[in-house]
Every structure is written in structure tokens, then in C-alpha cells.
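Notes to accompany the following structure.
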There are 2 protein chains.
Amino acid sequence: MASVKVGLIGFGTIGGGVAEILLGKADAIERTVGKRIELVKICDRDTTTDRGVAVPPGVLTDQISDIFNNPEISVVIELIGGIEPARTFILKALEAGKDVVTANKALIANCGAELFAKARELGRTIGFEASVCGGVPVLASLQTSLLANRIESIQAICNGTCNFILSEMESKDADYQDAVKEAQRLGFAEADPTLDVNGSDATQKLAILAQLAFGAKVDWKKIPRVGVDVVSAVDVKFARELGRKIRLLATATRDEDGLALSVRPALVPKDSALGKVTNAFNAVQIVGDFVGPLFYQGWGAGRRPTASAVCSDVIDAALGRAKITFDSLRLWSDDRPGVEIKDPHKIMERVYLRFVVEDRPGVMAEISSKLGARKISIAQMMQASHPESEGVSLIILTHAAPTVDLDAALDDIRGASFILGETTRLAVVD
Amino acid sequence: MASVKVGLIGFGTIGGGVAEILLGKADAIERTVGKRIELVKICDRDTTTDRGVAVPPGVLTDQISDIFNNPEISVVIELIGGIEPARTFILKALEAGKDVVTANKALIANCGAELFAKARELGRTIGFEASVCGGVPVLASLQTSLLANRIESIQAICNGTCNFILSEMESKDADYQDAVKEAQRLGFAEADPTLDVNGSDATQKLAILAQLAFGAKVDWKKIPRVGVDVVSAVDVKFARELGRKIRLLATATRDEDGLALSVRPALVPKDSALGKVTNAFNAVQIVGDFVGPLFYQGWGAGRRPTASAVCSDVIDAALGRAKITFDSLRLWSDDRPGVEIKDPHKIMERVYLRFVVEDRPGVMAEISSKLGARKISIAQMMQASHPESEGVSLIILTHAAPTVDLDAALDDIRGASFILGETTRLAVVD
């Protein structure tokens, strides 16, 4: 049986892990799946840095044409990240008749429709398991094992950097900035962590999950998004007093009005499955009408877990399984049935509000009355002095209310003379 | 595109759920996967009981030949359970050129080699996702998503009945017998719960997992097995004092000496992922060399979750994906690489021992000395009076020791005059 030849573009952290598997485990994989998979070319601009993998002579190149023009290569792995030149490289690989495997969630979230249409037109496939939740095979489950289900909801902790920062704030009473620094020191956050901490990364992943689980075609930039950068040590402390932990949740929930999507820090019960997810772990809770609640947890990033996911896609492509899955699901096509996106303003949500207010009688009454005027009812209220600054913290947990009314009530309150600082608003998920 | 026609054998609880999906969701599934799947025959001896599903005229039959002799049927679902006549029916279906889907773990564990060899010989496939952990797609992950990994270990809570009983004992301080009755009342345990509570069911599932994850061909009856029927209310209470919960764990761990397999109640940390699995939930923790620890939790039994798994296999067969997976993995064949099974006596394990002993000085010293003579070292010791009976309970948690030495030490102690009752031995997993 002929071997399947693979080319890899991008020899960084993940690329090193993929090379480690494909070069080091070729015999084991062949024994298990009955097919030899050969990594024959690795392309990177930098061909001198040691990646900790022994690469046979002739494999490493800095010429991308060595991959596109090699007719023997049938699967191309793209691991350079970002939109360009990754997009162009993937289109070229497809045009050269090659199947593609990528870990690039930004590219899939931004250009999924274009890339998948091109792959369909050319009879090729795109595998992207590693783009969401790294080693956790949640995309595979949505594309195969859960197909008999109508998916009702997805709640995902899909950004390990944010979960590490929140865990660090929790376990060490650390400030947000110190937690970010510790995440950077340990390699869980990049030098510029903006796209992680502002929720962009999680939102791109949610857009991908929404297409797979609900057939929803959504511009990730239109999904309501709040990052962990709004969370203070004091919020973590109040959450603890309320028996809760703060997690950055990417949520998709279907009801009769459509699909509600959002990414935001949420107070979850401390003993819930999501509340127990610490460190840089990822987790996903999927509810299907037949399977019920299904919970996954594992490493969502990093060299080895991500390489595990990339190589499972390579094996799928090599065996021809990817072709069946790809052709049957018609992802991002107009032909695929999809759920309408719900107007974000109509989403109902419980919220945690922390007002920094003057320490004088009547403030609590004024805030309650302004919330009441917008028909927002209060589930719980706490007041605490704010050692670091003037004024006191007034914490309110509301019952579920339309976000449009919450927005309006907060607008009403913002201008009041007793408000001394920014109001923090987090979701509450039970 | 021609539809794929399906025959169902067994119209009980699970069969009803499968019919509900295949009859009620045929349009939705066709829209999603681009293929029409038609349930054209349902065979059961009892064709009169209402299963809560509207069955079109001509579909229900009590003649099994209506399925085997229908050349249009290409996929046969077996849901009658047990060895015979399920085995014969599956062989006949394969011989009639049909792919098979089954939820029958007893049959796969006992006759996997025979059935899979026959399917390979005839160029057909057998799907069996529902046989282990119901709706939790752990077999799919082992057969596809995790193929780049060397699996290091599996720990599974794979019997919902046992987990319900243990949860009930925990949350209500119930006796074992009362917990079993409550499980029966709620439909989580059968009238005769023997195969669940003595660990047989979990052991069959472990044998299946061992073949998928490690290529191990193992006679499930040779796997060391202890059921939850040895656990008393007093053990649950002591476990709680030790910060632990008792779970029936099916464990497969690979080391340089081979694969250690066992099923037994184990004290796990109460805040661990496995300790948090309550009610009739199933959970599996898989550790792979690249993916790291991966945790799944969901409903492991019941009409709807099991039907979800069965129908995912039917879709896989209908799309041709099952054929690729089945042919590539060569499950239960001599051709498939496998790990040697470790001699059960060489397994190292920490244990919890509860001795019921005379309340007199010197007993503790005698027991410690007999354990010491077999080089078993003690990590923790507790003594408590035993309100219901004479004597006191002496609890010992050991450090890890070879099970052969633990067996010998317990033999040494068994005959001693101060022993007043049966000694309970449970595993301790950290």
C-alpha cells in the first residue's frame, strides 16, 4: 500500500510537536491504522533554530514551492497562524490538489466560507480539529458522534490563557495584572496577550462551534464579547463569597427565537463542572436533545495536545475519512441548514453588577429603584468597603432580564452623582 | 441519491429511542448529512406493546427473516442484548451482506474476535459505540481522534447503576440494600442487579476499552473484579472522613511490564473529576502521551443517550465512514498490535482495609506487624467503634504494594483470633 505523503508549513511550537509525532511515530501509526504516513517536507523561513526534533536530510526547506510543487504530497498542514499568508497558502495547496489540515481558528472564523467553498469546488478537504480546544476532540464529536442530536446549547471554556489568569487570581488572590505576568512567565500568555484577554480568541472559536453545532453562519466580530480584562481581584473575592467562580464562557444557546451567542466572564457555581476547570484547561459542555449533557475537559493548547489533534486530522485525510465527513456536512455552505442568530439585545441573562458608590444612605434605594423602573429584579445584594479606594462596593445579582433592559438601566445609573467609578458587569450562570 | 435502509432487531427501551430518532428525525438528519436514512423494518417478538413511537404500517414485524431476507436493508441494528440469539442474528446479518450496529457489550466482550473476523471476511462492519458509556463518544475518540497517541491509562466510571448506588449511599447515608432498592425504584437498576453490582458489566466494558486503546485481547472473566456489593455504609462514612468518595473504577494502566487491568471500588479524592461524578453519570479519563489527560462525562445508559450513540453508528455506516474505520483498525485481529496483559499479582495498588476486630490493646500492633512482615507500609490508620455490632472498625490505608503481597498479608491476618468479621478491601486512587 502506497504511503501518504505530507508537507508541513510552519515549524514553530505546534509544528515541532506535529513533526515529533509524524517523524517519530510513523511506524506505530502504520501498525495501528494500516497506512504509512510520511512527513516529507517541512517549510519554515527559519531553518536553523533547533526545534528539538531530528529532521532527516532534505526534509527542511525555506521554499514554499517545495510543498506546492511536490506532486507526491497529498496532505498539507498549515501551522503559521494569522490570516495572511496562511489563507493564500491554503488556497494554493487546495489548487495543487492537496487536502489541508490547520489549527488556525482566526483563519477559519474569518474565511471559513471562502476556504470551504474552494475545497468543495476542487474536491478536497480541510481538517481543523486543532482550531478549537486543542486536544479535546469536540469538533470531531460534533461532526460525527452527535449527528443524531439537535444541539440545544454549548458552554465552552476555550481559552486556556484566560482560564489560567482567572485561576491564578482565585488561588493566589492575585491582581489581574500580576496574574497576566505569571501567565506570560509560564508561557500561557503571549507577550501581547490582547487577543486572548479581550475575548477575541474565544469568540472566533465560538463562531466555529456555532457553525458545526447549529449551522449558524456568524461574523465573529458581531458576537457580544467581554474579555477577562474587566475582572478585578475584588470581583473574584465577591464571587467566592457568593459560592461561585469566574470563568470566561463562550456560550451558544438555542431557543424558539434563534441562537443566542456570547463570550463573557461569568460567575458559575464553584462546584459545577465548569467551576472545577482550573489552570489552562479547556472544557466544553454540550447539551443535545438525546445525548443530554456531555462534558469534555482537556488541554486546549500547547505543543503536544494541539499536535495530537492536528495528526488525527492528518490520519483522517490519509484514510479518506475526512473526505466523507467534509462532503456530507457541507460546512459554511448555503446548502447547510442553519439556525438564525438571535438579536443580542433579546438575550436574557442574569448579571452580577458591582457599583463603586459613595458611602451614604439612600444609594442602595436609588440603584434598586432605577433597576426596578426597567423591570430588572434583584436576587441578591451585598455591600462591602473598598480598602484601596474611596467609596464602597455595592454588588447586585439580578434575576434574568433582557440585555437591552440591563444596558438601559446601567445607562440610567451611570450619570448619577453617587457613582464614583466604572461599573463592572459580569454574567451569572447557574 | 438512494436512501440507506435500516432494519432494527429489538423494540425495547433503547429500540424505542432509536426508532424515535430514525423515524422522527429522518428529514433533519438528511438535511445535515445529505443522506436519507430509512428505518424500514422493526422486528420484535412483541408487536403489540405501545413503545411511545408512531410506527408506519408494514414496518413492525415478528419475523426476523423480514430483515435478513430484505435485500434493500443494508444496516441492521441489534438491540436485544445477551449472547444468544444476538450472536446468531449478527452473524446472519453479516452473511446477508449487511453492516451491523449493536449496543451489546456482553456480546462484544465475549465474541468480539469471532464477530469482527466474520465481518472482515465478508467485507462488512460492526459499530458498537453504544456498548460502552452510552452517549459518551469515547469509543469514537479512541478509534479516530486519539490515534496519534500512545494511550497511557484509562479510568472509567462505566456503570451508571453502581454510581447511582454509591451516590445514594453518600448523599443519604443509605445502606447498600436501601440504595439498591432506590435504584430499582427509579429504573437505574434491574430487578436482578447482579451483573451490575458485582462488576461484570463494567469489566466487559473495560475489556472492550482495552482492545480499542491498547490492542489488548483479554478474556474479561480473567480481569480482577470486585463489585460495589462489598461496600458498606460505614465505608462510605470513613471515606468521607478521609476526604474521599467511593467509585467503581474500571482501570487500564500501561507500564513497562504490560497492561494492568482491574475493576473495583476505589476511594478517590472527593474534589477530583472522578469524585465529582454523581448520580447515574458515566465518566472516562484517558491519558495519552500527547493529548495528556482527557476527561469525558455524560449519560452512560438510558433510552435517549444510548439511542444517540446507536444512531451515530448508523450514520457512520450509511456514509461509508464506518467501513474505513473498521478496515483500518482491524479490531480483535491477530494483525493488530497489542500490549501484553500484566500478571494481576504484579499490579501495585494502594488499598483501604477495614478490619472488624476485638476492642482490646495490641490488636493494632499485631495487624501492623503482619502487614510489615509482607513489606506493606501504612500511610494512615483510624479506629472507630461499630455501633451495629460487637468490636471496632480498624481502618488502614496502605502505601502502594504488589497485590500478591496484599493478598498474602490478608491471608496471614484472616485466621487471627481478634478478627470478628469479614475484612473489606477497596482500592485507593490518588
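Lettering and numbering for the C-alpha cells are positional, with chains as A, B, ... in the shown order, residues counted from 1 in each chain, and ligands counted from 1 in the shown order.
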
Inset, instruction - Please return, as a PyMOL selection string, all residues of chain A lying within 6 Å of chain B when only C-alpha atoms are considered. - result: chain A and resi 33-34+135+145+148+290-291+293-298+304-305+308+312+321+328-329

Legend entry - Residues within 10 Å of B:Ser377, only C-alpha atoms, excluding chain neighbours under 6 positions, as a list in words: Arg350, Ser368, Ser369, Leu371, Ile396, Leu397, Thr398, His399, Ala400 and Ala401 of chain B

Dump as a PDB file, in the first residue's frame, selection limited to C-alpha atoms:
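After the write, result_9.pdb holds the following:
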ATOM      1  CA  ARG B 350      -2.782   1.416  47.439  1.00  0.00           C
ATOM      2  CA  SER B 368       0.674  -3.614  61.606  1.00  0.00           C
ATOM      3  CA  SER B 369       3.323  -6.202  62.241  1.00  0.00           C
ATOM      4  CA  LEU B 371       1.468  -6.085  57.176  1.00  0.00           C
ATOM      5  CA  ILE B 396      -5.802   1.174  57.351  1.00  0.00           C
ATOM      6  CA  LEU B 397      -4.729   2.978  54.185  1.00  0.00           C
ATOM      7  CA  THR B 398      -1.549   1.449  52.819  1.00  0.00           C
ATOM      8  CA  HIS B 399       1.085   2.814  50.510  1.00  0.00           C
ATOM      9  CA  ALA B 400       1.276   1.127  47.100  1.00  0.00           C
ATOM     10  CA  ALA B 401       2.171  -2.551  47.326  1.00  0.00           C
TER      11      ALA B 401
END

Legend entry - atom CA of B:Pro344 to atom CA of B:Ser393, straight-line distance in Å: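 Rounded to one decimal, the two atoms are 28.4 Å apart.
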
Inset, instruction - Among the residues of stretch 115-326 of chain B, find those DSSP assigns to strand (DSSP E) from the backbone and print them as number ranges by chain. - result: B: 126-127, 151-157, 244-255, 258-269, 281-288, 292-299

Could the residues in this selection be written to a file with C-alpha atoms, as a short mmCIF file (atom, residue, chain, number, x, y, z; two decimals), in the first residue's frame?
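Wrote part-v2.cif, looks like this:
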data_model
loop_
_atom_site.label_atom_id
_atom_site.label_comp_id
_atom_site.auth_asym_id
_atom_site.auth_seq_id
_atom_site.Cartn_x
_atom_site.Cartn_y
_atom_site.Cartn_z
CA ILE B 126 -19.76 -3.61 13.14
CA GLY B 127 -20.47 -0.37 15.03
CA ILE B 151 -2.62 5.70 25.47
CA GLU B 152 -1.08 5.51 28.93
CA SER B 153 -4.14 4.88 31.06
CA ILE B 154 -7.92 4.79 31.21
CA GLN B 155 -10.02 5.21 34.32
CA ALA B 156 -13.71 4.75 33.76
CA ILE B 157 -16.88 5.06 35.77
CA ARG B 244 -12.72 10.80 49.62
CA LYS B 245 -15.59 9.22 47.77
CA ILE B 246 -16.01 5.63 46.68
CA ARG B 247 -16.41 4.99 42.95
CA LEU B 248 -16.47 1.77 40.96
CA LEU B 249 -13.44 2.28 38.73
CA ALA B 250 -12.54 0.25 35.67
CA THR B 251 -8.85 0.90 35.19
CA ALA B 252 -6.31 0.11 32.50
CA THR B 253 -2.76 1.31 33.07
CA ARG B 254 0.21 0.61 30.86
CA ASP B 255 3.76 0.36 32.17
CA GLY B 258 2.39 -4.57 30.33
CA LEU B 259 -1.18 -3.57 30.87
CA ALA B 260 -2.70 -3.70 34.35
CA LEU B 261 -6.48 -4.15 34.27
CA SER B 262 -8.92 -4.13 37.16
CA VAL B 263 -12.43 -3.25 38.20
CA ARG B 264 -13.05 -2.42 41.85
CA PRO B 265 -14.49 0.17 44.19
CA ALA B 266 -11.85 2.79 44.88
CA LEU B 267 -11.52 5.72 47.24
CA VAL B 268 -10.86 8.77 45.06
CA PRO B 269 -10.31 12.36 46.27
CA PHE B 281 -23.48 9.54 35.14
CA ASN B 282 -20.59 7.80 33.42
CA ALA B 283 -17.15 9.32 33.07
CA VAL B 284 -13.87 8.36 31.47
CA GLN B 285 -10.42 9.80 31.99
CA ILE B 286 -7.99 8.92 29.20
CA VAL B 287 -4.33 9.86 29.37
CA GLY B 288 -2.42 9.93 26.09
CA GLY B 292 -2.41 14.47 28.13
CA PRO B 293 -5.42 13.88 30.38
CA LEU B 294 -8.77 13.99 28.65
CA PHE B 295 -11.97 13.73 30.65
CA TYR B 296 -15.47 12.86 29.40
CA GLN B 297 -18.72 12.79 31.35
CA GLY B 298 -22.27 12.06 30.25
CA TRP B 299 -25.20 9.69 30.48
#

Legend entry - Point-to-point distance from atom CA of A:Leu242 to atom CA of A:Ala373, Å rounded to tenths: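 The value is 25.9 Å.
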
Inset, instruction - Would you mind listing what lies within 10 Å of A:Thr278 as a list in words, with only C-alpha atoms counted and same-chain residues fewer than 4 positions away left out? - result: Gly160, Asn163, Phe164, Ile165, Leu166, Ser167, Glu168, Glu170, Ser171, Arg247, Leu274, Asn282 and Ala283 of chain A

Counting only C-alpha atoms, which residues of stretch 234-301 of chain B sit at most 10 Å from some atom of stretch 354-357 of chain B, and what is each one's closest atom pair with its distance in Å to one decimal, listed by chain and rising residue number, as CSV?
residue,atom,partner,partner_atom,distance
B:Val234,CA,B:Arg354,CA,9.5
B:Asp235,CA,B:Arg354,CA,7.9
B:Phe238,CA,B:Arg354,CA,9.5

Legend entry - Test item, alpha helix (DSSP H) assignment across stretch 28-176 of chain A, answer as an MDAnalysis selection string: chainID A and resid 28:33 65:68 86:95 105:121 138:140 160:172 176

Legend entry - Residue neighbourhood B:Glu390, 10 Å, only C-alpha atoms, exclusion window fewer than 3 positions, as a PyMOL selection string: chain B and resi 356-359+385-387+393+420-421

Take the selection from the previous step and output its residues with N, CA and C atoms, as a PDB file, in the first residue's frame.
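Dumped everything to result27.pdb:
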ATOM      1  N   VAL B 356     -12.742  -5.712  61.133  1.00  0.00           N
ATOM      2  CA  VAL B 356     -13.623  -5.663  62.304  1.00  0.00           C
ATOM      3  C   VAL B 356     -12.963  -6.527  63.366  1.00  0.00           C
ATOM      4  N   VAL B 357     -12.538  -5.863  64.440  1.00  0.00           N
ATOM      5  CA  VAL B 357     -11.664  -6.553  65.406  1.00  0.00           C
ATOM      6  C   VAL B 357     -12.162  -6.388  66.837  1.00  0.00           C
ATOM      7  N   GLU B 358     -11.664  -7.238  67.711  1.00  0.00           N
ATOM      8  CA  GLU B 358     -11.913  -7.108  69.148  1.00  0.00           C
ATOM      9  C   GLU B 358     -11.362  -5.767  69.639  1.00  0.00           C
ATOM     10  N   ASP B 359     -12.082  -5.209  70.589  1.00  0.00           N
ATOM     11  CA  ASP B 359     -11.654  -3.918  71.146  1.00  0.00           C
ATOM     12  C   ASP B 359     -10.720  -4.162  72.325  1.00  0.00           C
ATOM     13  N   SER B 385     -15.603   2.918  66.757  1.00  0.00           N
ATOM     14  CA  SER B 385     -16.491   1.876  67.270  1.00  0.00           C
ATOM     15  C   SER B 385     -17.558   1.618  66.218  1.00  0.00           C
ATOM     16  N   HIS B 386     -18.164   0.509  66.335  1.00  0.00           N
ATOM     17  CA  HIS B 386     -19.030  -0.045  65.317  1.00  0.00           C
ATOM     18  C   HIS B 386     -20.398  -0.168  65.935  1.00  0.00           C
ATOM     19  N   PRO B 387     -21.225   0.836  65.850  1.00  0.00           N
ATOM     20  CA  PRO B 387     -22.439   0.836  66.669  1.00  0.00           C
ATOM     21  C   PRO B 387     -23.308  -0.400  66.463  1.00  0.00           C
ATOM     22  N   SER B 393     -14.056  -0.997  64.285  1.00  0.00           N
ATOM     23  CA  SER B 393     -13.506  -0.986  62.932  1.00  0.00           C
ATOM     24  C   SER B 393     -12.117  -0.388  62.972  1.00  0.00           C
ATOM     25  N   LEU B 420     -13.186 -10.341  63.955  1.00  0.00           N
ATOM     26  CA  LEU B 420     -14.570 -10.701  64.284  1.00  0.00           C
ATOM     27  C   LEU B 420     -15.480 -10.773  63.062  1.00  0.00           C
ATOM     28  N   GLY B 421     -15.001 -10.322  61.921  1.00  0.00           N
ATOM     29  CA  GLY B 421     -15.882 -10.338  60.744  1.00  0.00           C
ATOM     30  C   GLY B 421     -15.075 -10.274  59.472  1.00  0.00           C
TER      31      GLY B 421
END

Inset, instruction - Using atom CA of A:Glu95 and atom CA of A:Phe128 as the two end points, give the distance in Å to one decimal. - result: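 Result for atom CA of A:Glu95 versus atom CA of A:Phe128: 18.2 Å, one decimal.
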
Legend entry - B:Leu39 surroundings by only C-alpha atoms, 12 Å radius, close-in-sequence under 5 positions cut, as an NGL selection string: :B and (3-9 or 15 or 18-26 or 55-56 or 58-60 or 67 or 72-77 or 311 or 314-315 or 318)
